[in-house]
Amino acid sequence: MAGELLCSGIMLSFISYGDLFRRMRRVTHDTFGPHASEQFQPLQQREAVRLASELLDDPDNWDEIVKRSTSSNILTATYGWPRLTDEHIPLVKRIHAHTARLSNACIPGTSMVDLFPILNYLPAWMAKWKQDAFDWHQRESEMFEGFNAGVAKKMAEGGGQYSFVTSLIETKNKNGLTNKEAAWLAGIMFSAGAETTTASVAAFLIAMIHYPEIMRKAQAQIDTVVGRDRVPTFADRPHLPYVRALVKELLRWRPAGPMGQFMSDGGVLLTKPISNRDPAIYPDAEEFRPERFLDETETLDISPPDMHSLGHSSFGFGRRFVITSFFKDMNLTGNI
């Protein structure tokens with residue numbers, strides 16, 4: 001339902017491995033890979049400071065503030081837009097509605113066509129759910145292509161800042177993506193990025209409420225390394241091992257995003273909840289404990305075997321590893 005009907009087979013998250021998948025992944029890596037994503041650190045730093053300030057000024061409205069902040073970060077990186085303000089709240093809601101529609105469609109058993117694939121052969125005039133999916137795809141395509149067209153117009157006028165979409169446009173002949181494919185590729189960057197980062201920040205706030213001793217320990221390290229005369233920067237990250245461990249534990253403890261996917265043989269592959277909760281890998285897995293990612297001196301990072309340097313499986317593995325994970329990791333680190 002989600003991949004074939006709602007996304008018409010051109011959304012990176014649902015594409016089978018092949019030429020289109022490789023081209024989309026390659027061009028995404030060029031902007032959001034581990035080294036390329038560092039160019040967005042000044043943006044993330046500024047937004048983190050604003051987020052903290054706004055939360056202090058209006059803590060009761062924390063949910064909307066976090067959503068707007070995370071959306072602003074990824075929209076600027078994706079489209080080069082200025083920071084979102086209150087007038088952009090309808091757009092933020094539209095973004096999260098888009099992601100919610102896809103997320104719900106990914107839940108195993110939600111759609112009858114996932115359970116009985118033969119239903120997909122019904123013509124649209126006999127299946128209202130199918131026509132509704134086509135109509136939704138057309139509306140979302142118009143939105144995404146409009147966003148990309150706006151960036152192209154600014155580039156033609158000699159304006160606009162570097163973003164993922166400017167890279168897509170500049171390398172169009174090389175990446176070989178159609179306008180629609182490029183638009184949906186950019187769309188998944190901001191829709192999934194905003195939604196998952198918002199969920200992670202919310203999980204962080206919940207964790208700090210339930211584990212205040214961890215909050216105090218992280219704050220003490222920041223005070224020791226950074227002091228109280230300035231805000232932390234990404235240059236401080238190598239000197240904050242407990243904060244790094246806290247981010248890893250947060251992503252393991254409450255991973256954001258879908259927990260699995262339908263396989264071609266009709267089964268469902270679940271990875272995140274199994275590996276991130278495996279007691280053989282993470283003793284007392286339900287406990288929020290950053291120390292599990294540090295050595296006995298709590299100065300050196302450690303990671304369980306087969307969990308790569310991130311220490312968890314929340315971003316997947318191999319070809320399906322989430323390329324924008326480096327951007328999200330920095331974004332979450334800056335916010336914390």
# chains A, B, ... in the order shown; residues from 1 in each chain; ligands from 1
$ residues_around --residues "stretch 209-223 of chain A" --least-positions-apart "2" --cutoff "9 Å" --atoms "only C-alpha atoms" --output "list in words"
Phe204, Leu205, Ile206, Ala207, Val225, Val226, Gly227, Arg228, Pro232, Asp236, Leu240, Pro241, Tyr242, Val243, Leu246, Phe288, Arg289 and Pro290 of chain A
$ select_by_dssp --residues "stretch 148-271 of chain A" --states "strand (DSSP E or B)" --output "list in words"
Gly260, Gln261, Phe262, Val268, Leu269 and Leu270 of chain A
$ select_by_dssp --residues "stretch 29-197 of chain A" --states "alpha helix (DSSP H)" --output "ChimeraX atom specification"
/A:29-32,41-57,62-79,89-106,112-115,128-156,164-170,172-175,179-197
$ residues_around --residues "stretch 87-101 of chain A" --least-positions-apart "2" --cutoff "10 Å" --atoms "only C-alpha atoms" --output "ChimeraX atom specification"
/A:2,6,64-65,67-72,75,83-85,103-106,136,140,187-188,190-196,257
$ closest_residue --among "A:Ile107, A:Ile336, A:Leu12, A:Val66" --to "A:Glu54" --atoms "only C-alpha atoms"
A:Val66
$ closest_residue --among "A:Asn175, A:Phe293, A:Tyr121, A:Val151" --to "A:Thr78" --atoms "only C-alpha atoms"
A:Val151
$ residues_around --residues "A:Arg26" --least-positions-apart "2" --cutoff "12 Å" --atoms "only C-alpha atoms" --output "PyMOL selection string"
chain A and resi 12+19-24+28-33+167-168+171+174-177+185+319+323-324
$ write_last_selection --atoms "C-alpha atoms" --output "short mmCIF file (atom, residue, chain, number, x, y, z; two decimals), in the first residue's frame"
data_model
loop_
_atom_site.label_atom_id
_atom_site.label_comp_id
_atom_site.auth_asym_id
_atom_site.auth_seq_id
_atom_site.Cartn_x
_atom_site.Cartn_y
_atom_site.Cartn_z
CA LEU A 12 13.56 5.65 -1.41
CA ASP A 19 19.37 1.17 -10.45
CA LEU A 20 16.96 3.80 -9.11
CA PHE A 21 17.75 2.85 -5.52
CA ARG A 22 21.49 3.16 -6.17
CA ARG A 23 21.18 6.55 -7.88
CA MET A 24 18.96 7.97 -5.14
CA THR A 28 21.73 11.53 -0.91
CA HIS A 29 25.11 10.40 0.43
CA ASP A 30 26.78 13.32 -1.36
CA THR A 31 24.85 15.78 0.83
CA PHE A 32 23.99 13.88 4.01
CA GLY A 33 26.89 11.43 4.32
CA SER A 167 22.61 19.66 -5.28
CA LEU A 168 19.93 17.56 -7.00
CA THR A 171 23.78 17.16 -10.71
CA LYS A 174 24.67 12.92 -13.56
CA ASN A 175 22.08 11.48 -11.17
CA GLY A 176 19.54 10.87 -13.94
CA LEU A 177 16.51 11.47 -11.74
CA LEU A 185 13.56 12.07 -2.78
CA ARG A 319 22.14 -1.10 1.91
CA ILE A 323 21.99 7.77 5.13
CA THR A 324 20.66 10.85 6.95
#
$ atom_distance --atom1 "atom CA of A:Leu332" --atom2 "atom CA of A:Ala182"
26.4 Å
$ residues_around --residues "A:Gln45" --least-positions-apart "2" --cutoff "12 Å" --atoms "only C-alpha atoms" --output "list in words"
Glu38, Gln39, Phe40, Gln41, Pro42, Leu43, Glu47, Ala48, Val49, Arg50, Leu51, Ala52, Ser69, Asn73, Val231, Pro232, Thr233, Phe234, Ala235, Asp236, Met330, Asn331, Leu332, Thr333, Gly334, Asn335 and Ile336 of chain A
$ write_last_selection --atoms "C-alpha atoms" --output "compact mmCIF listing (two decimals), in the first residue's frame"
# COMPACT_ATOMS: atom_id res chain seq x y z
CA GLU A 38 29.09 18.50 8.80
CA GLN A 39 28.40 21.54 6.62
CA PHE A 40 25.03 21.85 8.37
CA GLN A 41 26.48 22.10 11.88
CA PRO A 42 26.26 25.93 12.05
CA LEU A 43 22.58 25.69 11.10
CA GLU A 47 18.51 26.16 15.87
CA ALA A 48 19.46 24.30 19.06
CA VAL A 49 20.03 27.59 20.87
CA ARG A 50 16.68 28.93 19.66
CA LEU A 51 14.93 25.73 20.68
CA ALA A 52 16.29 25.93 24.23
CA SER A 69 12.31 23.48 15.40
CA ASN A 73 16.27 22.33 10.60
CA VAL A 231 26.71 27.50 24.87
CA PRO A 232 28.16 24.12 23.87
CA THR A 233 29.26 23.68 20.26
CA PHE A 234 30.01 20.66 18.09
CA ALA A 235 33.70 21.31 18.78
CA ASP A 236 32.99 20.22 22.38
CA MET A 330 24.28 15.74 15.06
CA ASN A 331 20.89 17.39 15.26
CA LEU A 332 19.96 15.39 18.35
CA THR A 333 23.35 16.00 19.94
CA GLY A 334 23.02 19.74 19.41
CA ASN A 335 19.52 19.82 20.92
CA ILE A 336 20.53 17.80 23.97
$ atom_distance --atom1 "atom CA of A:Arg254" --atom2 "atom CA of A:Ser37"
23.6 Å
$ closest_residue --among "A:Phe116, A:Trp253, A:Tyr282, A:Phe134" --to "A:Met307" --atoms "only C-alpha atoms"
A:Tyr282
$ closest_residue --among "A:Glu4, A:Glu145, A:Glu287, A:Asp329" --to "A:Thr197" --atoms "only C-alpha atoms"
A:Asp329
